[in-house]
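Q: The following block contains the structure, expressed as structure tokens.
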Amino acid sequence: MQEEASVEISRAGPRPGSARRIRIAVVTETYPPEINGVARTVGPMVDWLLARGHTVELVRPRQRHEPARARQPGLHETLTLGAAVPRTQVQVGFALPGRLASGWRATRPDLVHVVTEGPLGWAAVSAASALGIPVCSDFHTNFHSYAGHYGLGWMQGAVTAYLRWLHNRTACTLVPTEQMRAELEQLGVERLRIAGRGVDAKLFHPARRSAELRRQWGCAGEELVAISVGRLAPEKALDLFASAARAMQAIDSRIRVVVVGDGPLRARLQRRNPDFHFAGARVAEDLAAHYASADVFLFPSTTETFGNVTLEAMASGLAVLAYDDAAARMHVVHTKNGLLAPRGDAHLFTQLAALLAGDPPMRLSLGREARSTALEVPWEKKFPELESALLDAASQPPTSRTSAAARAGASR
């Protein structure tokens with residue numbers, strides 16, 4: 001565990017940029033430079049809120065190797081205890097609700113925005129409810145679906161009940177897609193609102209293609225490169241990724257396979273696929289160069305709430321093959337700007353991978369169209385949806401979320 005502390009980054013007042021500026025306590029158990037989809041969403045979100053002139057108190061666990069951070073006007077940090085969850089490389093945070101409440105009595109936020117549902121998220125919802133501070137929550141991770149992948153299928157019902165109970169104590173829960181809203185409604189989660197996701201198409205750009213990287217991967221010329229980007233974890237269907245890549249190599253033996261990311265399955269994948277290039281975790285321009293230096297992005301996961309990597313690959317000009325799910329369902333049109341397999345149809349997924357291996361003109365066409373699609377969904381178009389939801393939540397009369405409706409949601 002890590003020591004609890006409070007660090008104030010800046011006392012500077014909010015900058016102009018929005019008609020209404022509020023103080024938001026953003027509570028998250030992961031934050032850059034940690035590498036995962038949540039951290040890579042919440043980091044730009046905080047930066048954007050600050051740029052809009054809001055004041056942000058960032059409540060998060062102290063990281064294992066806490067980096068030095070540049071001062072940002074309007075940003076204050078409260079660091080809490082943290083610990084890694086065994087077998088997952090996921091960190092959770094810990095704080096007593098009373099400790100958070102004490103700080104919020106001294107400097108009261110207009111809204112508490114809970115990004116993650118771990119112990120720190122629970123403490124924040126409890127503290128805010130006790131003080132009558134409005135709370136908004138995010139739904140970033142299908143923890144209820146992960147249980148089976150970690151041999152904890154017997155806990156799935158309990159995890160679902162906890163998530164429903166926590167989110168139903170908040171004024172609203174933000175989700176990235178209509179699909180996710182429908183799925184959570186079926187689980188009894190109330191007051192759902194869509195706040196979409198975008199992509200930084202200036203960072204993820206085909207122009208970052210690197211001949212040097214490709215040489216490191218064993219490419220002597222224009223050999224096709226298939227790539228995976230993400231955590232190497234059981235829920236990511238990495239065995240299917242490997243099978244699909246092998247199907248591509250059966251069409252063209254020169255095809256190279258690159259795996260970007262780290263996680264508990266890395267050692268096993270390397271033992272089984274010694275010819276694959278394992279690049280480890282990559283960030284920022286280095287990550288963007290890895291995307292752009294490949295040709296085909298294979299994404300067989302069925303446990304995503306969104307899947308930022310899909311848009312990043314599209315912005316990088318890759319031919320994308322994914323299931324008809326999450327971000328791919330929203331942004332990929334089959335045979336126009338990518339290929340889609342019905343969710344869970346591993347056989348067709350593998351067949352489509354082989355099709356891409358044997359059809360260079362199709363790959364190029366799909367990649368060009370994918371880039372065009374990504375240009376239509378920059379973060380600058382999506383963050384206003386988030387800001388609007390947060391401002392609306394801050395305006396609602398606070399409730400304790402111990403109402404009969406919330407209790408009924410917890411008991412379903």
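Going through the structure tokens in order, the chains are called A, B, and so on, while each chain numbers its residues from 1 and the ligands are numbered from 1 in the order shown.
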For the contact check between segment 249-337 of chain A and segment 207-211 of chain A, emit one row per residue of segment 249-337 of chain A within 6 Å, containing the shortest atom pair and the distance in Å rounded to one decimal, counting only C-alpha atoms, chain then rising number order, as a Markdown table.
A:
```
| residue | atom | partner | partner_atom | distance |
| --- | --- | --- | --- | --- |
| A:Ala289 | CA | A:Arg208 | CA | 4.9 |
| A:Ala292 | CA | A:Arg209 | CA | 4.6 |
| A:Ser293 | CA | A:Arg209 | CA | 4.3 |
```
Q: May I have the selected residues written with N, CA and C atoms, as a short mmCIF file (atom, residue, chain, number, x, y, z; two decimals), in the first residue's frame?
A:
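Output file again_9.cif is given in full below:
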```cif
data_model
loop_
_atom_site.label_atom_id
_atom_site.label_comp_id
_atom_site.auth_asym_id
_atom_site.auth_seq_id
_atom_site.Cartn_x
_atom_site.Cartn_y
_atom_site.Cartn_z
N ALA A 289 3.33 5.91 -33.53
CA ALA A 289 4.21 5.38 -34.57
C ALA A 289 4.02 3.87 -34.73
N ALA A 292 0.79 3.43 -36.79
CA ALA A 292 0.92 3.86 -38.18
C ALA A 292 1.87 2.98 -38.99
N SER A 293 2.77 2.28 -38.30
CA SER A 293 3.75 1.44 -38.99
C SER A 293 3.19 0.05 -39.30
#
```
Q: Quick one: pick out all strand (DSSP E or B) residues within segment 133-368 of chain A from a backbone DSSP run and write them as a ChimeraX atom specification.
A: /A:135-138,141,172-175,192-194,199,225-229,256-260,277-280,296-299,304,319-323,334,338-341
Q: Give the alpha helix (DSSP H) residues of segment 83-330 of chain A, as assigned by DSSP on the backbone, as a PDB file with C-alpha atoms, in the first residue's frame.
A:
```
ATOM      1  CA  PRO A  97     -15.410   8.471   3.514  1.00  0.00           C
ATOM      2  CA  GLY A  98     -14.862  10.672   6.567  1.00  0.00           C
ATOM      3  CA  ARG A  99     -11.425  11.747   5.294  1.00  0.00           C
ATOM      4  CA  LEU A 100     -12.859  12.792   1.939  1.00  0.00           C
ATOM      5  CA  ALA A 101     -15.821  14.481   3.620  1.00  0.00           C
ATOM      6  CA  SER A 102     -13.487  16.486   5.856  1.00  0.00           C
ATOM      7  CA  GLY A 103     -11.653  17.898   2.853  1.00  0.00           C
ATOM      8  CA  TRP A 104     -14.887  18.657   1.012  1.00  0.00           C
ATOM      9  CA  ARG A 105     -16.321  20.462   4.019  1.00  0.00           C
ATOM     10  CA  ALA A 106     -13.277  22.752   3.963  1.00  0.00           C
ATOM     11  CA  PRO A 119     -13.157   1.267  -2.995  1.00  0.00           C
ATOM     12  CA  LEU A 120     -12.162   4.873  -3.659  1.00  0.00           C
ATOM     13  CA  GLY A 121     -15.232   5.415  -5.824  1.00  0.00           C
ATOM     14  CA  TRP A 122     -17.448   3.919  -3.121  1.00  0.00           C
ATOM     15  CA  ALA A 123     -15.883   6.198  -0.477  1.00  0.00           C
ATOM     16  CA  ALA A 124     -16.413   9.254  -2.684  1.00  0.00           C
ATOM     17  CA  VAL A 125     -20.082   8.467  -3.346  1.00  0.00           C
ATOM     18  CA  SER A 126     -20.643   7.886   0.382  1.00  0.00           C
ATOM     19  CA  ALA A 127     -18.881  11.092   1.433  1.00  0.00           C
ATOM     20  CA  ALA A 128     -20.623  13.243  -1.163  1.00  0.00           C
ATOM     21  CA  SER A 129     -24.024  11.787  -0.311  1.00  0.00           C
ATOM     22  CA  ALA A 130     -23.476  12.520   3.377  1.00  0.00           C
ATOM     23  CA  LEU A 131     -22.676  16.151   2.552  1.00  0.00           C
ATOM     24  CA  PHE A 143     -16.214  -5.535 -14.327  1.00  0.00           C
ATOM     25  CA  HIS A 144     -19.272  -7.788 -14.110  1.00  0.00           C
ATOM     26  CA  SER A 145     -18.220  -9.418 -17.391  1.00  0.00           C
ATOM     27  CA  TYR A 146     -14.581  -9.787 -16.321  1.00  0.00           C
ATOM     28  CA  GLN A 156     -20.682 -12.072 -11.312  1.00  0.00           C
ATOM     29  CA  GLY A 157     -24.092 -11.594  -9.701  1.00  0.00           C
ATOM     30  CA  ALA A 158     -22.611  -9.884  -6.655  1.00  0.00           C
ATOM     31  CA  VAL A 159     -20.424  -7.615  -8.801  1.00  0.00           C
ATOM     32  CA  THR A 160     -23.425  -6.646 -10.928  1.00  0.00           C
ATOM     33  CA  ALA A 161     -25.495  -5.871  -7.820  1.00  0.00           C
ATOM     34  CA  TYR A 162     -22.714  -3.704  -6.396  1.00  0.00           C
ATOM     35  CA  LEU A 163     -22.306  -1.739  -9.634  1.00  0.00           C
ATOM     36  CA  ARG A 164     -26.052  -1.198  -9.871  1.00  0.00           C
ATOM     37  CA  TRP A 165     -26.225  -0.055  -6.234  1.00  0.00           C
ATOM     38  CA  LEU A 166     -23.293   2.352  -6.605  1.00  0.00           C
ATOM     39  CA  HIS A 167     -24.427   3.950  -9.852  1.00  0.00           C
ATOM     40  CA  GLU A 178     -26.353   3.700 -26.990  1.00  0.00           C
ATOM     41  CA  GLN A 179     -25.503  -0.010 -26.866  1.00  0.00           C
ATOM     42  CA  MET A 180     -23.997   0.369 -23.394  1.00  0.00           C
ATOM     43  CA  ARG A 181     -26.980   2.378 -22.206  1.00  0.00           C
ATOM     44  CA  ALA A 182     -29.342  -0.389 -23.322  1.00  0.00           C
ATOM     45  CA  GLU A 183     -27.233  -3.090 -21.666  1.00  0.00           C
ATOM     46  CA  LEU A 184     -27.045  -1.237 -18.343  1.00  0.00           C
ATOM     47  CA  GLU A 185     -30.760  -0.494 -18.405  1.00  0.00           C
ATOM     48  CA  GLN A 186     -31.311  -4.247 -18.606  1.00  0.00           C
ATOM     49  CA  ALA A 211      10.645   2.568 -41.677  1.00  0.00           C
ATOM     50  CA  GLU A 212      12.994   2.049 -38.722  1.00  0.00           C
ATOM     51  CA  LEU A 213      10.269   0.460 -36.617  1.00  0.00           C
ATOM     52  CA  ARG A 214       9.311  -1.814 -39.468  1.00  0.00           C
ATOM     53  CA  ARG A 215      12.934  -2.912 -39.830  1.00  0.00           C
ATOM     54  CA  GLN A 216      12.926  -3.812 -36.124  1.00  0.00           C
ATOM     55  CA  LEU A 238      -5.829 -12.787 -27.324  1.00  0.00           C
ATOM     56  CA  ASP A 239      -5.897 -16.452 -28.330  1.00  0.00           C
ATOM     57  CA  LEU A 240      -8.341 -15.489 -31.076  1.00  0.00           C
ATOM     58  CA  PHE A 241      -6.048 -12.627 -32.090  1.00  0.00           C
ATOM     59  CA  ALA A 242      -3.201 -15.139 -32.445  1.00  0.00           C
ATOM     60  CA  SER A 243      -5.386 -17.563 -34.427  1.00  0.00           C
ATOM     61  CA  ALA A 244      -6.524 -14.802 -36.775  1.00  0.00           C
ATOM     62  CA  ALA A 245      -2.932 -13.684 -37.292  1.00  0.00           C
ATOM     63  CA  ARG A 246      -1.933 -17.285 -38.087  1.00  0.00           C
ATOM     64  CA  ALA A 247      -4.750 -17.460 -40.636  1.00  0.00           C
ATOM     65  CA  MET A 248      -3.272 -14.374 -42.285  1.00  0.00           C
ATOM     66  CA  GLN A 249       0.191 -15.940 -42.315  1.00  0.00           C
ATOM     67  CA  ALA A 250      -1.275 -19.030 -43.984  1.00  0.00           C
ATOM     68  CA  ILE A 251      -2.171 -16.747 -46.899  1.00  0.00           C
ATOM     69  CA  ARG A 266       2.341 -11.703 -21.939  1.00  0.00           C
ATOM     70  CA  ALA A 267       4.645 -14.554 -20.882  1.00  0.00           C
ATOM     71  CA  ARG A 268       2.199 -17.209 -22.048  1.00  0.00           C
ATOM     72  CA  LEU A 269       1.623 -15.487 -25.396  1.00  0.00           C
ATOM     73  CA  GLN A 270       5.349 -15.160 -26.001  1.00  0.00           C
ATOM     74  CA  ARG A 271       5.936 -18.839 -25.257  1.00  0.00           C
ATOM     75  CA  ARG A 272       3.218 -19.850 -27.705  1.00  0.00           C
ATOM     76  CA  ALA A 284       2.053   9.114 -26.924  1.00  0.00           C
ATOM     77  CA  GLU A 285       4.053   9.580 -30.149  1.00  0.00           C
ATOM     78  CA  ASP A 286       5.765   6.215 -29.700  1.00  0.00           C
ATOM     79  CA  LEU A 287       2.380   4.464 -29.562  1.00  0.00           C
ATOM     80  CA  ALA A 288       1.157   6.451 -32.548  1.00  0.00           C
ATOM     81  CA  ALA A 289       4.212   5.375 -34.567  1.00  0.00           C
ATOM     82  CA  HIS A 290       3.511   1.724 -33.735  1.00  0.00           C
ATOM     83  CA  TYR A 291      -0.048   2.026 -35.008  1.00  0.00           C
ATOM     84  CA  ALA A 292       0.917   3.856 -38.183  1.00  0.00           C
ATOM     85  CA  ASN A 308     -10.533   3.660 -27.652  1.00  0.00           C
ATOM     86  CA  VAL A 309      -7.987   1.604 -29.582  1.00  0.00           C
ATOM     87  CA  THR A 310     -10.481   1.106 -32.418  1.00  0.00           C
ATOM     88  CA  LEU A 311     -10.660   4.822 -33.164  1.00  0.00           C
ATOM     89  CA  GLU A 312      -6.910   5.206 -32.687  1.00  0.00           C
ATOM     90  CA  ALA A 313      -6.260   2.502 -35.283  1.00  0.00           C
ATOM     91  CA  MET A 314      -8.766   4.066 -37.673  1.00  0.00           C
ATOM     92  CA  ALA A 315      -7.163   7.482 -37.261  1.00  0.00           C
ATOM     93  CA  ALA A 326     -18.774  -1.080 -28.807  1.00  0.00           C
ATOM     94  CA  ALA A 327     -16.773   1.538 -30.771  1.00  0.00           C
ATOM     95  CA  ALA A 328     -16.642  -0.640 -33.880  1.00  0.00           C
ATOM     96  CA  ARG A 329     -20.438  -0.898 -33.950  1.00  0.00           C
ATOM     97  CA  MET A 330     -20.647   2.895 -33.790  1.00  0.00           C
TER      98      MET A 330
END
```
Q: Would you list the contacts of Val92 of chain A as number ranges by chain, taking every protein, DNA or RNA residue within 8 Å and counting only C-alpha atoms, but skipping same-chain residues closer than 2 positions in sequence?
A: A: 29-30, 61, 82-85, 90, 94, 118-120
Q: Within 8 Å of Glu385 of chain A, counting only C-alpha atoms, which residues show up once you throw out same-chain ones fewer than 3 positions away? Write them as a short mmCIF file (atom, residue, chain, number, x, y, z; two decimals) with C-alpha atoms, in the first residue's frame, please.
A:
```cif
data_model
loop_
_atom_site.label_atom_id
_atom_site.label_comp_id
_atom_site.auth_asym_id
_atom_site.auth_seq_id
_atom_site.Cartn_x
_atom_site.Cartn_y
_atom_site.Cartn_z
CA ILE A 194 -24.50 9.25 -23.27
CA ALA A 195 -21.23 11.18 -23.36
CA GLY A 196 -19.32 10.01 -26.41
CA LYS A 381 -16.62 17.45 -30.51
CA LYS A 382 -17.18 14.94 -27.72
CA SER A 388 -23.03 19.53 -20.43
CA ALA A 389 -23.77 16.37 -18.44
#
```
Q: Would you work out the distance separating atom CA of Arg64 of chain A from atom CA of Leu50 of chain A, expressed in Å to one decimal?
A: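 Atom CA of Leu50 of chain A lies at a distance of 25.5 Å from atom CA of Arg64 of chain A.
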Q: So which residues touch segment 334-345 of chain A within 10 Å, counting only C-alpha atoms, skipping near sequence neighbours fewer than 6 positions away, as a ChimeraX atom specification?
A: /A:296-298,300-302,314,317-325,328,351-353,355-356,362-373
Q: Those residues you just picked out, can you put them in a file as a PDB file, in the first residue's frame with C-alpha atoms?
A:
```pdb
ATOM      1  CA  VAL A 296      -4.104  -4.267 -40.154  1.00  0.00           C
ATOM      2  CA  PHE A 297      -5.583  -3.893 -36.666  1.00  0.00           C
ATOM      3  CA  LEU A 298      -7.168  -7.034 -35.209  1.00  0.00           C
ATOM      4  CA  PRO A 300     -11.444  -9.536 -31.090  1.00  0.00           C
ATOM      5  CA  SER A 301     -12.433  -8.329 -27.601  1.00  0.00           C
ATOM      6  CA  THR A 302     -16.101  -8.571 -26.585  1.00  0.00           C
ATOM      7  CA  MET A 314      -8.766   4.066 -37.673  1.00  0.00           C
ATOM      8  CA  GLY A 317      -5.136   4.661 -41.393  1.00  0.00           C
ATOM      9  CA  LEU A 318      -5.258   0.927 -40.613  1.00  0.00           C
ATOM     10  CA  ALA A 319      -7.684  -1.623 -41.965  1.00  0.00           C
ATOM     11  CA  VAL A 320      -9.657  -2.573 -38.847  1.00  0.00           C
ATOM     12  CA  LEU A 321     -11.218  -5.967 -38.151  1.00  0.00           C
ATOM     13  CA  ALA A 322     -13.374  -6.118 -35.028  1.00  0.00           C
ATOM     14  CA  TYR A 323     -16.566  -7.562 -33.689  1.00  0.00           C
ATOM     15  CA  ASP A 324     -19.797  -5.661 -34.272  1.00  0.00           C
ATOM     16  CA  ASP A 325     -19.597  -4.248 -30.783  1.00  0.00           C
ATOM     17  CA  ALA A 328     -16.642  -0.640 -33.880  1.00  0.00           C
ATOM     18  CA  GLN A 351     -11.966 -15.850 -42.131  1.00  0.00           C
ATOM     19  CA  LEU A 352     -12.130 -12.072 -42.472  1.00  0.00           C
ATOM     20  CA  ALA A 353      -8.548 -11.770 -41.243  1.00  0.00           C
ATOM     21  CA  LEU A 355      -9.465 -12.104 -46.497  1.00  0.00           C
ATOM     22  CA  LEU A 356      -7.520  -8.985 -45.535  1.00  0.00           C
ATOM     23  CA  MET A 362      -9.206  -3.663 -49.988  1.00  0.00           C
ATOM     24  CA  ARG A 363      -6.805  -3.008 -47.108  1.00  0.00           C
ATOM     25  CA  LEU A 364      -5.735   0.314 -48.561  1.00  0.00           C
ATOM     26  CA  SER A 365      -9.298   1.410 -49.283  1.00  0.00           C
ATOM     27  CA  LEU A 366     -10.506   0.471 -45.806  1.00  0.00           C
ATOM     28  CA  GLY A 367      -7.593   2.322 -44.213  1.00  0.00           C
ATOM     29  CA  ARG A 368      -8.247   5.521 -46.168  1.00  0.00           C
ATOM     30  CA  GLU A 369     -11.945   5.472 -45.279  1.00  0.00           C
ATOM     31  CA  ALA A 370     -11.146   4.678 -41.641  1.00  0.00           C
ATOM     32  CA  ARG A 371      -8.967   7.761 -41.420  1.00  0.00           C
ATOM     33  CA  SER A 372     -11.750   9.906 -42.884  1.00  0.00           C
ATOM     34  CA  THR A 373     -14.206   8.544 -40.332  1.00  0.00           C
TER      35      THR A 373
END
```
